[in-house]
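First up is the structure itself, then whatever we jot down about it.
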Amino acid sequence: MSPNLSPDFWPKIDQAIFAAFDAIGREDYETADACYQNAILEAGNAAQELAAQVIENGGPGAGGNATKIPATNGPAGVGTTYTPPAHYGLTAAHRAVPEDTAGKERDLANALKNVAVAQQQVGDMRGASETFERVAELLSSFQGPNSGQAAWYYYCAALLGDQSAPRREHLYRHALEIFGQLERNGITTTADRCACLAGLGFFLTEQGRQAEAFQVVSQAIDALEAPSNDRPEVPPFLAITLAKLVNGGVLHKRLVAVCKATGRTLPSLAGLPSRRKQLGSLCVTVAFFWFIFGSPAVAASFLILLLVHEMGHYLAARQVGVAVTPPVFTPLGAVITMLTQPKSCREEAYFAIAGPAAGTVGALIAFYIGIKLQIDFLAEAAKYAFALNLFNLIPLAPMDGGRISMAISRHMWILGLALYALVGFAVLYFSFISIDGGMPTLQRVSTLPLKVFLLYWLGRSAWLDLKERWKMARTTPEYFSQAISLKFLFATCYLGLAALLFMVLGFESEFAQLISQN
């Protein structure tokens, strides 16, 4: 019994409802309508009293959203089974009622729904949940066992969460049974069913049942991807549940495959924009680099080499079991997003160095072909790719060198900070100074705000990463522990790659002459 309702509220409501049921059985619809009207008045008065409590306490008035997500979940409870109460019930013979009586039944259900919303407003989540469940039972009696409205209110009752775990799970699954039956009958309930699946998945992760939660989340993802005129928005619980599953290490191949998808709705959960947005971002990126380099051919070639760099990260990450999204192009470059964290700095360094290594090999091949076949735009794009890969080796996150340095020495950030300051000064200085073979004045000056923003973003990201690394060093020092031989191996590869890039950029004309002569 809810403490915020008068003790005789539900006895009065139940008495009126049962009297109406009995009158309908005798086909005395006038009496049934009067009974329903009395119950509607009782519910209306109760909702107003609760609203007055809210206003008196300085809170918002009654109304609000019946599916508001509670701030905290209630007690988990014990036990594994739940037998739902059966407050009401009608036989099939009772259902041939006039439209006026059916309208009264709908009005009563709506009035009781308003009571549930008012209970929610005053913070009585348990009472609101019980009221929603009663409304769902009534709608099942009024409209039949496959009432979509009833399923929705069962979902609302489960969502409020201030009840035992078995009861919550029963409510979620009962709602899903109804939604499933409606779908089988050709009635689309995609949005409501997806929201209910997301809520159940969230609940299961809170109970520590990640494997079951994954199965439920997969069904929600299927609902999102299925072609439908009732295409839903991504339920907030679905994104939260995915994050919980990822952090809990429950990332199955099915979920990885889904995160690679580029459908209209789902990719935002994996940090990916939709196909349309990806295509738009690619076009903007090509236009941006076209403007920077002054040539569409150079821009396109550079982006291909950038893709080679990112694919090095992507393939290496998959090789060590770290789930990542496919590369996405932006005017700041191509990016991939990690969906799971590496287990050690060795794994992190491995897929971090794979990017500039692949990018350097790709740029060397492009430079050779460009010089040998006199394809000037390809050779020029390769030069920019060399510079980008060298810049990425600065031992400061979020550059690749910052991740590689974790497997060599966590204190390499000091060198990285000095190099970052030097490069930042050079970028800003040469934005105002014209040099032979450099960018035209318009490109140099007009992109200055972007350069400033990029330097600020890199600096801020580096600071946040360093704070996280210091925290990890205290809480999980084993993450940075590895054999001296591996430290030496990573240091050799890192310094060797940096020296190669520095040498190629420093002796670019000599290399070009050597290639053309041979």
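We label chains A, B, ... in the order they appear in the structure tokens, count residues from 1 in each chain, and number ligands from 1 in the order shown.
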Give me the residues near A:Ile40 as a PyMOL selection string, where near means some atom within 12 Å (using only C-alpha atoms) and where sequence neighbours in that chain fewer than 5 positions away do not count. chain A and resi 9+12-14+16-17+33-35+45-47+103-115
Report, in Å to a single decimal, how far apart atom CA of A:Asn185 and atom CA of A:Gly199 are.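 Rounded to one decimal, the two atoms are 23.7 Å apart.
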What are the closest atom pairs, with distances in Å to one decimal, for each residue of stretch 376-444 of chain A lying within 12 Å of stretch 470-479 of chain A, using only C-alpha atoms, rows by chain and rising residue number, as JSON lines?
```
{"residue": "A:Met406", "atom": "CA", "partner": "A:Tyr479", "partner_atom": "CA", "distance": 9.6}
{"residue": "A:Ala407", "atom": "CA", "partner": "A:Tyr479", "partner_atom": "CA", "distance": 9.6}
{"residue": "A:Arg410", "atom": "CA", "partner": "A:Trp470", "partner_atom": "CA", "distance": 9.2}
{"residue": "A:His411", "atom": "CA", "partner": "A:Trp470", "partner_atom": "CA", "distance": 10.7}
{"residue": "A:Trp413", "atom": "CA", "partner": "A:Trp470", "partner_atom": "CA", "distance": 11.8}
```
Export N, CA and C atoms of the chosen residues as a short mmCIF file (atom, residue, chain, number, x, y, z; two decimals), in the first residue's frame?
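Ended up saving to result-v5.cif:
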```cif
data_model
loop_
_atom_site.label_atom_id
_atom_site.label_comp_id
_atom_site.auth_asym_id
_atom_site.auth_seq_id
_atom_site.Cartn_x
_atom_site.Cartn_y
_atom_site.Cartn_z
N MET A 406 54.68 4.25 -23.38
CA MET A 406 54.26 3.57 -22.15
C MET A 406 54.97 2.24 -21.97
N ALA A 407 55.40 1.64 -23.09
CA ALA A 407 56.10 0.36 -23.02
C ALA A 407 57.61 0.55 -22.91
N ARG A 410 57.46 5.53 -18.72
CA ARG A 410 56.35 6.46 -18.52
C ARG A 410 56.83 7.91 -18.43
N HIS A 411 58.14 8.09 -18.21
CA HIS A 411 58.68 9.45 -18.04
C HIS A 411 59.07 10.08 -19.37
N TRP A 413 57.18 11.38 -21.33
CA TRP A 413 56.31 12.52 -21.59
C TRP A 413 57.08 13.85 -21.44
#
```
Between A:Leu390, A:Pro395, A:Ala195, A:Ser164, which residue has the minimum interatomic distance to A:Leu505, considering only C-alpha atoms?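 For A:Leu505, the nearest of the candidates is A:Leu390.
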What gap, in Å, lies between atom CA of A:Gly362 and atom CA of A:Tyr314?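 For atom CA of A:Gly362 relative to atom CA of A:Tyr314, the distance reads 15.2 Å.
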Can you tell me, as a ChimeraX atom specification, what residues are no more than 9 Å from stretch 464-466 of chain A when counting only C-alpha atoms, ignoring any on the same chain fewer than 3 positions away? /A:396-398,413,459-461,469-471
Which polymer residues have any atom within 7 Å of an atom of stretch 300-306 of chain A, counting only C-alpha atoms, with same-chain residues fewer than 4 positions away left out, as a PyMOL selection string? chain A and resi 286+296+310+334+359+362-363+378+381-382+385
